[in-house]
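Have a look at the structure below before the remarks.
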Amino acid sequence: MTKVLPKIFGYYIAQIGGPFGNDDILFSSPIHNKIIVNPGDSLTNNTLVIRCKLEDLPFLPESIDAIVMLHILEFTKNPKLILKEIYDSLIPGGYAIILGFNPYSLWGITKFFNQAKTGIWSGNWLKPSQLHRWLLDMEFSLEDYQTFYFRPPSENAKKTSVMEDIGQTFWPYCGASYMFIAKKTSIAVTPIGNTEESFVKSGGTIKALPKPTSRATQCNRN
């Protein structure tokens, strides 16, 4: 992620899903206006926070340059609807960076035999081919796909660290997590300019946010 975000530029970037904190995922992004959607933990004062339903994002159409999603789709009832919200919120040429748990991995095998089905094991892990098909159907183009973390689930990950190099060499698509980098390919009907902005005071500083639609009143902001 830290190698991807520095290459994406624009005015607004949003993160959906954790972790959150002083070393948050968006730190490496050069985009100044950073937005966190539906946070679960404390955040830094440099980030604007929005709480809302993921199926009803409070952004104007074509107003966000990049959206990072961290293990969200596998824990929602309607992942396609969330992807549609992501697509509508992105500017033409905007990026969706999606992280998910890979069923074709040692972790996926563990999930299959796990009887408890709690925590991360309770999610509906999407097949990479299925997510890829959804993205193409929504007029995204796939810019990159990779998997990472090839070790099995273990409380002592250091003992299996050697599997990282082995996995990247011999089964590069079988990491515990996958990352899709998708680009919105539609062409804007009208030029995108500096639209009217609403300003939200957060942590003692004034932050700029793409003007919410009327449904933003359903959301609580910090």
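Please note that chains go A, B, ... in the order of the structure tokens, that every chain numbers its residues from 1, and that ligands are numbered from 1 in the order shown.
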Check segment 40-78 of chain A with DSSP on the backbone and list each residue it calls strand (DSSP E), as a PyMOL selection string. chain A and resi 48-51+64-70
What would the file look like if the residues just selected were written as a PDB file, in the first residue's frame with N, CA and C atoms?
```pdb
ATOM      1  N   LEU A  48     -10.358  13.997   8.349  1.00  0.00           N
ATOM      2  CA  LEU A  48     -11.777  14.261   8.513  1.00  0.00           C
ATOM      3  C   LEU A  48     -12.509  12.936   8.679  1.00  0.00           C
ATOM      4  N   VAL A  49     -13.432  12.870   9.640  1.00  0.00           N
ATOM      5  CA  VAL A  49     -14.106  11.626   9.988  1.00  0.00           C
ATOM      6  C   VAL A  49     -15.592  11.714   9.643  1.00  0.00           C
ATOM      7  N   ILE A  50     -16.095  10.680   8.994  1.00  0.00           N
ATOM      8  CA  ILE A  50     -17.515  10.607   8.666  1.00  0.00           C
ATOM      9  C   ILE A  50     -18.042   9.247   9.095  1.00  0.00           C
ATOM     10  N   ARG A  51     -19.174   9.235   9.771  1.00  0.00           N
ATOM     11  CA  ARG A  51     -19.855   7.989  10.111  1.00  0.00           C
ATOM     12  C   ARG A  51     -21.133   7.914   9.287  1.00  0.00           C
ATOM     13  N   ILE A  64     -14.449  12.214  -5.640  1.00  0.00           N
ATOM     14  CA  ILE A  64     -13.325  11.656  -4.894  1.00  0.00           C
ATOM     15  C   ILE A  64     -12.294  11.101  -5.877  1.00  0.00           C
ATOM     16  N   ASP A  65     -11.024  11.363  -5.615  1.00  0.00           N
ATOM     17  CA  ASP A  65      -9.962  10.916  -6.528  1.00  0.00           C
ATOM     18  C   ASP A  65      -9.542   9.471  -6.292  1.00  0.00           C
ATOM     19  N   ALA A  66      -9.585   9.014  -5.043  1.00  0.00           N
ATOM     20  CA  ALA A  66      -9.162   7.646  -4.736  1.00  0.00           C
ATOM     21  C   ALA A  66      -9.875   7.180  -3.472  1.00  0.00           C
ATOM     22  N   ILE A  67     -10.239   5.904  -3.454  1.00  0.00           N
ATOM     23  CA  ILE A  67     -10.888   5.307  -2.286  1.00  0.00           C
ATOM     24  C   ILE A  67     -10.174   4.004  -1.951  1.00  0.00           C
ATOM     25  N   VAL A  68      -9.773   3.868  -0.698  1.00  0.00           N
ATOM     26  CA  VAL A  68      -9.112   2.663  -0.211  1.00  0.00           C
ATOM     27  C   VAL A  68     -10.110   1.887   0.646  1.00  0.00           C
ATOM     28  N   MET A  69     -10.315   0.621   0.309  1.00  0.00           N
ATOM     29  CA  MET A  69     -11.239  -0.240   1.061  1.00  0.00           C
ATOM     30  C   MET A  69     -10.451  -1.386   1.679  1.00  0.00           C
ATOM     31  N   LEU A  70     -10.567  -1.533   2.998  1.00  0.00           N
ATOM     32  CA  LEU A  70      -9.789  -2.532   3.718  1.00  0.00           C
ATOM     33  C   LEU A  70     -10.703  -3.599   4.317  1.00  0.00           C
TER      34      LEU A  70
END
```
Skipping near chain neighbours, those fewer than 4 positions away, what residues fall within 8 Å of segment 126-133 of chain A using only C-alpha atoms, listed as a ChimeraX atom specification? /A:73-74,100-104,137,142,178
Write out as a JSON list (two decimals) with C-alpha atoms, in the first residue's frame all residues of segment 28-170 of chain A that backbone DSSP assigns to helix (DSSP H, G or I).
```
[["chain", "number", "residue", "atom", "x", "y", "z"],
["A", 28, "SER", "CA", 1.77, 7.82, 2.54],
["A", 73, "LEU", "CA", -16.78, -6.33, 1.10],
["A", 74, "GLU", "CA", -16.48, -9.75, 2.77],
["A", 75, "PHE", "CA", -18.35, -8.50, 5.84],
["A", 79, "PRO", "CA", -20.94, -5.89, -1.58],
["A", 80, "LYS", "CA", -22.01, -5.02, -5.12],
["A", 81, "LEU", "CA", -24.07, -2.09, -3.85],
["A", 82, "ILE", "CA", -21.04, -0.75, -1.97],
["A", 83, "LEU", "CA", -18.93, -1.09, -5.11],
["A", 84, "LYS", "CA", -21.58, 0.87, -7.01],
["A", 85, "GLU", "CA", -21.38, 3.63, -4.38],
["A", 86, "ILE", "CA", -17.61, 3.64, -4.76],
["A", 87, "TYR", "CA", -17.89, 3.88, -8.52],
["A", 88, "ASP", "CA", -20.36, 6.76, -8.41],
["A", 89, "SER", "CA", -18.21, 8.70, -5.90],
["A", 106, "LEU", "CA", -3.39, -21.09, 3.66],
["A", 107, "TRP", "CA", -5.72, -18.77, 5.52],
["A", 108, "GLY", "CA", -8.55, -19.80, 3.22],
["A", 109, "ILE", "CA", -7.89, -23.44, 4.03],
["A", 110, "THR", "CA", -7.92, -22.61, 7.73],
["A", 111, "LYS", "CA", -11.25, -20.81, 7.32],
["A", 112, "PHE", "CA", -12.73, -23.86, 5.56],
["A", 113, "PHE", "CA", -11.89, -26.15, 8.48],
["A", 119, "GLY", "CA", -13.88, -12.88, 13.74],
["A", 120, "ILE", "CA", -12.36, -12.77, 10.28],
["A", 121, "TRP", "CA", -13.35, -16.40, 9.71],
["A", 122, "SER", "CA", -17.04, -15.44, 9.73],
["A", 128, "PRO", "CA", -10.67, -12.83, -6.82],
["A", 129, "SER", "CA", -12.28, -13.87, -10.12],
["A", 130, "GLN", "CA", -15.71, -12.86, -8.84],
["A", 131, "LEU", "CA", -14.56, -9.45, -7.66],
["A", 132, "HIS", "CA", -12.68, -8.94, -10.92],
["A", 133, "ARG", "CA", -15.84, -9.69, -12.89],
["A", 134, "TRP", "CA", -17.88, -7.23, -10.81],
["A", 135, "LEU", "CA", -15.30, -4.49, -11.37],
["A", 136, "LEU", "CA", -15.30, -5.03, -15.12],
["A", 137, "ASP", "CA", -19.11, -5.03, -15.22],
["A", 157, "ALA", "CA", 4.66, -15.43, 12.75],
["A", 158, "LYS", "CA", 8.45, -15.10, 12.99],
["A", 159, "LYS", "CA", 8.87, -18.88, 12.86],
["A", 160, "THR", "CA", 7.24, -18.98, 9.42],
["A", 162, "VAL", "CA", 10.77, -17.82, 5.50],
["A", 163, "MET", "CA", 7.51, -18.66, 3.73],
["A", 164, "GLU", "CA", 7.19, -15.06, 2.52],
["A", 165, "ASP", "CA", 10.05, -15.39, 0.03],
["A", 166, "ILE", "CA", 9.00, -18.92, -0.93],
["A", 167, "GLY", "CA", 5.41, -17.88, -1.49],
["A", 168, "GLN", "CA", 6.25, -14.86, -3.61],
["A", 169, "THR", "CA", 8.39, -17.09, -5.81],
["A", 170, "PHE", "CA", 6.34, -20.29, -6.16]]
```
Determine, counting only C-alpha atoms, which protein, DNA and RNA residues have an atom within 10 Å of an atom of Ser186 of chain A; residues of the same chain fewer than 4 positions away are not included. Present the result as a PyMOL selection string. chain A and resi 87+91-94+138-141
Grab the atom CA of Ser63 of chain A to atom CA of Gly10 of chain A distance for me, in Å with one decimal place. 10.3 Å
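Considering only C-alpha atoms, the residue among A:Phe27, A:Thr147, A:Pro153, A:Lys7 positioned nearest to Tyr173 of chain A is A:Thr147.
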